[in-house]
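Peer 1: Enclosed is the structure file upload-v2.txt (compact mmCIF, C-alpha atoms and all ligand atoms).
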# COMPACT_ATOMS: atom_id res chain seq x y z
CA MET O 774 -134.90 -53.96 -60.44
CA PRO O 775 -138.24 -53.98 -62.28
CA SER O 776 -138.71 -51.64 -65.24
CA SER O 777 -140.23 -48.39 -64.00
CA PRO O 778 -143.78 -47.76 -65.13
CA GLU O 779 -144.75 -44.63 -67.00
CA PRO O 780 -146.85 -42.06 -65.13
CA GLY O 781 -149.75 -42.18 -67.58
CA LEU O 782 -150.74 -45.85 -67.35
CA ALA O 783 -154.48 -45.17 -67.18
CA SER O 784 -154.39 -42.95 -70.25
CA ASN O 785 -152.17 -45.43 -72.13
CA LEU O 786 -154.74 -48.12 -71.36
CA GLN O 787 -157.53 -45.85 -72.52
CA SER O 788 -155.79 -45.10 -75.78
CA VAL O 789 -155.07 -48.79 -76.48
CA ARG O 790 -158.73 -49.58 -75.78
CA SER O 791 -159.95 -46.94 -78.20
CA ARG O 792 -157.53 -48.16 -80.88
CA ILE O 793 -158.89 -51.70 -80.35
CA ASP O 794 -162.45 -50.41 -80.70
CA ALA O 795 -161.59 -48.51 -83.87
CA ALA O 796 -159.83 -51.51 -85.44
CA ALA O 797 -162.76 -53.79 -84.61
CA ARG O 798 -165.31 -51.36 -86.06
CA HIS O 799 -163.17 -50.88 -89.13
CA ALA O 800 -163.33 -54.65 -89.66
CA GLY O 801 -167.09 -54.73 -89.02
CA ARG O 802 -166.58 -56.58 -85.74
CA ASP O 803 -168.00 -56.00 -82.26
CA PRO O 804 -165.21 -54.48 -80.09
CA ALA O 805 -166.52 -56.59 -77.18
CA GLY O 806 -165.23 -59.62 -79.08
CA VAL O 807 -161.62 -58.59 -78.53
CA ARG O 808 -160.04 -59.24 -75.15
CA LEU O 809 -157.02 -57.16 -74.17
CA ILE O 810 -154.27 -58.81 -72.13
CA ALA O 811 -152.04 -56.23 -70.43
CA VAL O 812 -148.56 -57.76 -70.56
CA SER O 813 -146.85 -56.69 -67.35
CA LYS O 814 -143.60 -58.66 -67.67
CA THR O 815 -140.59 -56.87 -66.15
CA PHE O 816 -142.87 -54.32 -64.48
CA GLY O 817 -143.63 -54.50 -60.79
CA ALA O 818 -146.83 -55.07 -58.86
CA ASP O 819 -147.26 -51.29 -58.54
CA ALA O 820 -147.72 -51.02 -62.30
CA VAL O 821 -150.25 -53.87 -62.29
CA ARG O 822 -152.07 -52.12 -59.47
CA ALA O 823 -152.29 -48.85 -61.43
CA VAL O 824 -153.71 -50.56 -64.53
CA TRP O 825 -156.08 -52.61 -62.39
CA ALA O 826 -157.30 -49.41 -60.72
CA ALA O 827 -158.16 -48.14 -64.20
CA GLY O 828 -160.55 -51.06 -64.51
CA HIS O 829 -158.43 -53.69 -66.24
CA ARG O 830 -158.58 -57.35 -65.16
CA ASP O 831 -156.59 -59.50 -67.63
CA PHE O 832 -152.81 -59.52 -67.26
CA GLY O 833 -150.12 -61.54 -69.01
CA GLU O 834 -146.69 -62.75 -67.96
CA ASN O 835 -144.12 -64.78 -69.88
CA LYS O 836 -142.17 -66.30 -66.98
CA VAL O 837 -143.73 -68.50 -64.33
CA GLN O 838 -141.39 -67.47 -61.51
CA GLU O 839 -141.84 -63.75 -62.07
CA ALA O 840 -145.59 -64.23 -62.45
CA LEU O 841 -145.97 -66.18 -59.21
CA GLN O 842 -144.32 -63.40 -57.26
CA LYS O 843 -146.54 -60.75 -58.84
CA ILE O 844 -149.63 -62.88 -58.29
CA GLN O 845 -148.75 -63.08 -54.63
CA GLU O 846 -148.15 -59.34 -54.41
CA THR O 847 -151.52 -58.59 -56.00
CA ALA O 848 -153.51 -61.29 -54.21
CA ASP O 849 -155.96 -58.68 -52.89
CA MET O 850 -157.09 -57.92 -56.45
CA GLU O 851 -159.32 -60.01 -58.66
CA ILE O 852 -157.10 -60.67 -61.71
CA ARG O 853 -157.16 -63.18 -64.57
CA TRP O 854 -153.53 -64.11 -65.18
CA HIS O 855 -152.45 -65.42 -68.57
CA LEU O 856 -149.20 -67.28 -69.18
CA ILE O 857 -147.91 -66.21 -72.60
CA GLY O 858 -144.34 -67.55 -72.45
CA HIS O 859 -142.89 -71.04 -72.64
CA LEU O 860 -143.89 -73.37 -69.82
CA GLN O 861 -141.28 -75.88 -68.65
CA SER O 862 -142.77 -79.20 -67.68
CA ASN O 863 -141.37 -79.01 -64.14
CA LYS O 864 -143.49 -75.88 -63.59
CA ALA O 865 -146.71 -77.34 -65.00
CA LYS O 866 -148.11 -77.99 -61.55
CA LYS O 867 -147.60 -74.43 -60.33
CA ALA O 868 -148.96 -73.02 -63.59
CA ALA O 869 -152.12 -75.12 -63.35
CA GLY O 870 -152.91 -73.50 -60.03
CA ALA O 871 -151.91 -69.94 -60.80
CA PHE O 872 -153.10 -69.04 -64.30
CA ALA O 873 -156.64 -68.60 -65.58
CA CYS O 874 -155.27 -69.24 -69.07
CA ILE O 875 -152.12 -70.92 -70.37
CA GLN O 876 -151.65 -69.55 -73.89
CA SER O 877 -148.36 -71.27 -74.60
CA MET O 878 -149.45 -74.93 -74.63
CA ASP O 879 -147.24 -76.69 -77.15
CA SER O 880 -146.92 -80.39 -76.34
CA ILE O 881 -149.09 -83.32 -75.37
CA ASP O 882 -146.79 -84.13 -72.46
CA LEU O 883 -147.19 -80.61 -71.09
CA LEU O 884 -150.94 -80.71 -71.57
CA GLN O 885 -151.18 -83.97 -69.65
CA ARG O 886 -149.12 -82.58 -66.80
CA VAL O 887 -151.19 -79.41 -66.59
CA ASP O 888 -154.44 -81.36 -66.81
CA ALA O 889 -153.44 -83.82 -64.09
CA ALA O 890 -152.33 -80.98 -61.82
CA ALA O 891 -155.55 -79.09 -62.48
CA VAL O 892 -157.63 -82.14 -61.54
CA GLU O 893 -155.61 -82.51 -58.35
CA GLN O 894 -155.96 -78.84 -57.44
CA GLY O 895 -159.56 -78.44 -58.51
CA THR O 896 -158.77 -75.75 -61.07
CA SER O 897 -159.89 -75.59 -64.71
CA PRO O 898 -157.43 -73.44 -66.64
CA GLU O 899 -158.15 -72.41 -70.20
CA VAL O 900 -155.43 -73.43 -72.62
CA LEU O 901 -154.56 -72.12 -76.06
CA VAL O 902 -152.45 -74.17 -78.45
CA GLN O 903 -149.40 -72.16 -79.54
CA VAL O 904 -148.80 -72.70 -83.24
CA ASP O 905 -145.39 -72.12 -84.80
CA LEU O 906 -146.44 -71.35 -88.38
CA ALA O 907 -143.05 -70.13 -89.53
CA GLY O 908 -141.02 -73.08 -88.28
CA GLU O 909 -138.67 -70.77 -86.43
CA ALA O 910 -136.09 -72.83 -84.59
CA THR O 911 -135.69 -70.15 -81.94
CA LYS O 912 -139.35 -70.12 -80.99
CA PHE O 913 -141.62 -72.42 -79.05
CA GLY O 914 -144.97 -73.64 -80.28
CA ALA O 915 -146.08 -76.77 -82.10
CA ASP O 916 -145.91 -77.13 -85.88
CA VAL O 917 -149.26 -77.37 -87.65
CA SER O 918 -149.66 -81.15 -87.52
CA GLY O 919 -148.40 -81.28 -83.93
CA ALA O 920 -150.80 -78.51 -82.98
CA ARG O 921 -153.70 -80.46 -84.47
CA ARG O 922 -152.76 -83.62 -82.54
CA LEU O 923 -152.47 -81.56 -79.38
CA LEU O 924 -155.82 -79.92 -79.99
CA ASP O 925 -157.51 -83.28 -80.53
CA ARG O 926 -156.00 -84.63 -77.32
CA ALA O 927 -157.00 -81.51 -75.42
CA LEU O 928 -160.65 -82.18 -76.25
CA ASP O 929 -160.41 -85.17 -73.89
CA ALA O 930 -158.76 -83.27 -71.04
CA ARG O 931 -160.50 -83.66 -67.71
CA ALA O 932 -159.92 -80.22 -66.22
CA ALA O 933 -158.07 -78.06 -68.74
CA ARG O 934 -160.35 -76.40 -71.31
CA VAL O 935 -158.90 -75.78 -74.74
CA THR O 936 -160.42 -72.62 -76.24
CA GLY O 937 -158.26 -71.66 -79.20
CA LEU O 938 -154.93 -70.91 -80.83
CA MET O 939 -152.06 -68.57 -80.08
CA LEU O 940 -149.44 -67.16 -82.45
CA ILE O 941 -146.14 -65.34 -82.06
CA PRO O 942 -145.24 -64.52 -85.68
CA PRO O 943 -141.74 -63.68 -86.92
CA TRP O 944 -140.82 -60.19 -85.78
CA ASN O 945 -141.37 -57.35 -88.19
CA GLU O 946 -141.70 -53.69 -87.35
CA ASP O 947 -144.22 -53.22 -90.16
CA GLN O 948 -147.60 -54.72 -89.32
CA GLU O 949 -148.41 -55.16 -93.00
CA GLN O 950 -145.53 -57.65 -93.19
CA THR O 951 -146.97 -59.55 -90.22
CA ARG O 952 -150.57 -59.52 -91.45
CA PRO O 953 -150.15 -62.63 -93.68
CA TRP O 954 -149.27 -64.68 -90.58
CA PHE O 955 -152.49 -63.52 -88.89
CA VAL O 956 -154.42 -64.52 -92.00
CA ARG O 957 -152.78 -67.95 -91.95
CA LEU O 958 -153.76 -68.59 -88.33
CA ARG O 959 -157.36 -67.60 -89.08
CA GLU O 960 -157.42 -69.86 -92.14
CA LEU O 961 -156.04 -72.75 -90.09
CA ARG O 962 -158.79 -72.18 -87.53
CA ASP O 963 -161.42 -72.15 -90.31
CA ARG O 964 -160.04 -75.34 -91.85
CA TRP O 965 -160.16 -77.15 -88.52
CA LEU O 966 -163.69 -75.92 -87.87
CA ALA O 967 -164.69 -77.29 -91.27
CA ASP O 968 -163.03 -80.60 -90.25
CA GLY O 969 -165.44 -80.81 -87.34
CA VAL O 970 -163.36 -79.55 -84.40
CA PRO O 971 -165.92 -78.17 -81.92
CA ALA O 972 -166.28 -74.38 -82.13
CA ALA O 973 -165.78 -74.02 -78.37
CA ALA O 974 -162.24 -75.37 -78.77
CA LEU O 975 -161.45 -72.79 -81.46
CA ARG O 976 -163.19 -69.73 -80.07
CA HIS O 977 -160.02 -67.70 -79.60
CA LEU O 978 -157.24 -66.46 -81.82
CA SER O 979 -154.57 -64.86 -79.62
CA MET O 980 -152.43 -62.72 -81.93
CA GLY O 981 -151.24 -59.13 -82.07
CA MET O 982 -148.90 -57.11 -79.83
CA SER O 983 -148.22 -53.39 -79.33
CA HIS O 984 -146.99 -52.69 -82.84
CA ASP O 985 -149.42 -54.85 -84.81
CA PHE O 986 -152.62 -55.45 -82.82
CA GLU O 987 -154.73 -53.42 -85.24
CA ALA O 988 -153.85 -55.68 -88.19
CA ALA O 989 -154.41 -58.72 -85.96
CA ILE O 990 -157.90 -57.52 -85.02
CA GLU O 991 -158.74 -56.83 -88.65
CA GLU O 992 -157.75 -60.43 -89.37
CA GLY O 993 -159.83 -61.92 -86.57
CA ALA O 994 -157.89 -61.77 -83.29
CA THR O 995 -160.12 -62.28 -80.25
CA ILE O 996 -157.23 -61.81 -77.82
CA VAL O 997 -154.44 -59.24 -78.17
CA ARG O 998 -151.39 -59.16 -75.89
CA VAL O 999 -150.15 -55.63 -75.33
CA GLY O 1000 -147.22 -54.64 -73.13
CA THR O 1001 -145.21 -51.65 -74.33
CA ALA O 1002 -148.17 -49.54 -75.47
CA ILE O 1003 -149.61 -49.73 -71.93
CA PHE O 1004 -146.63 -49.95 -69.57
CA GLY O 1005 -143.95 -48.23 -71.65
CA LYS O 1006 -140.61 -49.54 -72.85
CA ARG O 1007 -139.10 -52.44 -70.96
CA THR O 1008 -135.67 -51.62 -69.57
CA VAL O 1009 -135.04 -55.21 -68.52
CA ARG O 1010 -134.35 -57.99 -70.99
CA THR O 1011 -136.91 -60.77 -71.19
C1 LIG P 1101 -143.89 -59.44 -74.41
C2 LIG P 1101 -144.94 -60.16 -75.17
C3 LIG P 1101 -146.02 -59.46 -75.72
C4 LIG P 1101 -146.20 -57.96 -75.62
O1 LIG P 1101 -145.26 -57.32 -76.42
P1 LIG P 1101 -145.31 -55.71 -76.65
O2 LIG P 1101 -144.60 -55.53 -77.93
O3 LIG P 1101 -144.60 -55.11 -75.49
O4 LIG P 1101 -146.73 -55.34 -76.70
C5 LIG P 1101 -146.99 -60.20 -76.39
N1 LIG P 1101 -146.89 -61.54 -76.52
C6 LIG P 1101 -145.87 -62.23 -76.00
C7 LIG P 1101 -145.83 -63.71 -76.17
C8 LIG P 1101 -144.85 -61.57 -75.31
O5 LIG P 1101 -143.83 -62.28 -74.79
Take the structure from the file and write it as C-alpha cells.
Peer 2:
Amino acid sequence: MPSSPEPGLASNLQSVRSRIDAAARHAGRDPAGVRLIAVSKTFGADAVRAVWAAGHRDFGENKVQEALQKIQETADMEIRWHLIGHLQSNKAKKAAGAFACIQSMDSIDLLQRVDAAAVEQGTSPEVLVQVDLAGEATKFGADVSGARRLLDRALDARAARVTGLMLIPPWNEDQEQTRPWFVRLRELRDRWLADGVPAAALRHLSMGMSHDFEAAIEEGATIVRVGTAIFGKRTVRT
C-alpha cells in the first residue's frame, strides 16, 4: 500500500516554492537558480498527478523498481524523473532509459554501464556525482578522491552528461548542524573549478531536504530534494 497523500498537495508545493524563493533572496541569489525535485517515493501515481497538475515537472525516486512502475503509470505526463537513491549495477541499463538525471552516481563501473546503455538506447541522462563527505559506512557515495576520479572519467562519457555533485549529509534535525556539510560541498566544487574542471560539469550542487533546504540554498544548492514538506509524512519505510 502506498503512503496516502495529503489533501493539500498544491498548497504544500506553493509554500515550499515560496520558502525556496525567500531563502534564495535572503542569500542574494536568483530563485530561478534553484530547482525543486518533488520526492514522491512511497506515494502513488495519484500524488504525482496532483503535484504535476499544480505545475510541477521534476520528480525524484530512490528505488528503480518503484520508479519504473510510477513512470509507467504517469506516461501521459511530461515529467523529468531523477534517481536519488543507490543504483545497483544490474539496473544501470533500465535507469539509463528511464531517468532524466541520475543523482546517485558513485562508481566508475556504474558510470560506464550507464553510459554504454545510454549510447545503445539513444538517451543522454544527466549524472551527478554523489559525494560521501562524512565517510559514513552506512551510506553510498564516493569519497572525495574517488569522486574526483569519477568526475574526471565522466568528462569523457559518450552519452551521459555530468553536471554536478550530490550530497546526503549525516542526519541532524537542526539545519544549523547540517550547514557545515553544505559549505564543504560548495568549497569542494570551488576547489575543483579552480583546478580546471569545466564549469558545465560542476553546475549543480544537489543538497537540502525538507528540514534543511533553506540552509542548503543559502550555501549554494542549485537542486533541492523535498519529499515530506510536499507529500506529507511517509507511512512506508524506505
Ligand atoms: C527521501 C529523500 C529525500 C527527501 O526527504 P524529505 O525529508 O522527505 O524531504 C531527499 N533526498 C534523498 C536522497 C532521499 O532519499
Peer 1: Calculate how many Å separate CA of Arg830 (chain O) from CA of Val1009 (chain O), rounding to one decimal.
Peer 2: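 Here the two named atoms are 23.9 Å from each other.
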Peer 1: Return as JSON, numbers by chain every polymer residue, whether protein, DNA or RNA, with at least one atom no more than 6 Å from an atom of ligand LIG 1101 (chain P); count all atoms listed in the file.
Peer 2: {"O": [812, 835, 857, 858, 982, 983, 998, 999, 1000, 1001]}
Peer 1: Counting only C-alpha atoms, select every polymer residue within 10 Å of (-150.4, -71.7, -92.0) as defined in the file's coordinates, and provide the selection as JSON, numbers by chain.
Peer 2: {"O": [904, 905, 906, 907, 916, 917, 953, 954, 955, 956, 957, 958, 959, 960, 961, 962]}
Peer 1: I'd like to know which of O:Leu860, O:Ala910, O:Ile793, O:Ala811 is closest to Lys836 (chain O), using all atoms listed in the file.
Peer 2: O:Leu860
Peer 1: For a quick check of your reading of the model, name the residues lying within 12 Å of the coordinate (-160.1, -47.8, -83.0), counting all atoms listed in the file, and write them as a PyMOL selection string.
Peer 2: chain O and resi 787-804+807+986-988+990-991
Peer 1: Quick check, in Å to one decimal: how far apart do CA of Arg926 (chain O) and CA of Val902 (chain O) lie?
Peer 2: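 Atom-to-atom, CA of Arg926 (chain O) to CA of Val902 (chain O), that is 11.1 Å.
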Peer 1: Need the shell around region 864-878 of chain O: protein/DNA/RNA residues with any atom at most 7 Å away, counting only C-alpha atoms. Skip same-chain ones fewer than 5 positions apart. Format as a VMD selection string?
Peer 2: chain O and resid 837 853 to 859 883 to 884 886 to 887 890 to 891 894 896 898 to 903 939
Peer 1: Report, in Å with one decimal, the straight-line distance from CA of His977 (chain O) to CA of Pro943 (chain O).
Peer 2: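 That distance, rounded to one decimal, is 20.1 Å.
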Peer 1: I need the residue nearest Asp947 (chain O) from this list: O:Arg822, O:His984, O:Arg808, O:Lys1006. Use all atoms listed in the file for the distance.
Peer 2: O:His984
Peer 1: Could you name the residues that touch Leu809 (chain O) at 7 Å or less, counting only C-alpha atoms, but leaving out those on the same chain fewer than 5 positions away, as number ranges by chain?
Peer 2: O: 831, 996-998
Peer 1: Do you know which residues are at most 9 Å from Ala827 (chain O) counting only C-alpha atoms, after dropping those on the same chain fewer than 2 positions away, and could you put them as a PyMOL selection string?
Peer 2: chain O and resi 782-784+786-787+822-825+829
Peer 1: With distances taken over all atoms listed in the file, which residue among O:Val821, O:Ala994, O:Val970, O:Leu841 lies nearest Ala927 (chain O)?
Peer 2: O:Val970
Peer 1: Of the residues O:Gln885, O:Thr995, O:Ser813, O:Gln842, which is the one nearest to Leu928 (chain O), using all atoms listed in the file?
Peer 2: O:Gln885
Peer 1: Would you please work out which residue, of O:Gln948, O:Ser897, O:Thr847, O:Thr911, is nearest to Ala933 (chain O) when using all atoms listed in the file?
Peer 2: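 Answer, going by the shortest atom-to-atom distance: O:Ser897.
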Peer 1: Measuring atom to atom with all atoms listed in the file, identify which of O:Ile810, O:Val892, O:Ile844, O:Ile852 is nearest to Ala826 (chain O).
Peer 2: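 Under the stated criterion, the closest residue is O:Ile852.
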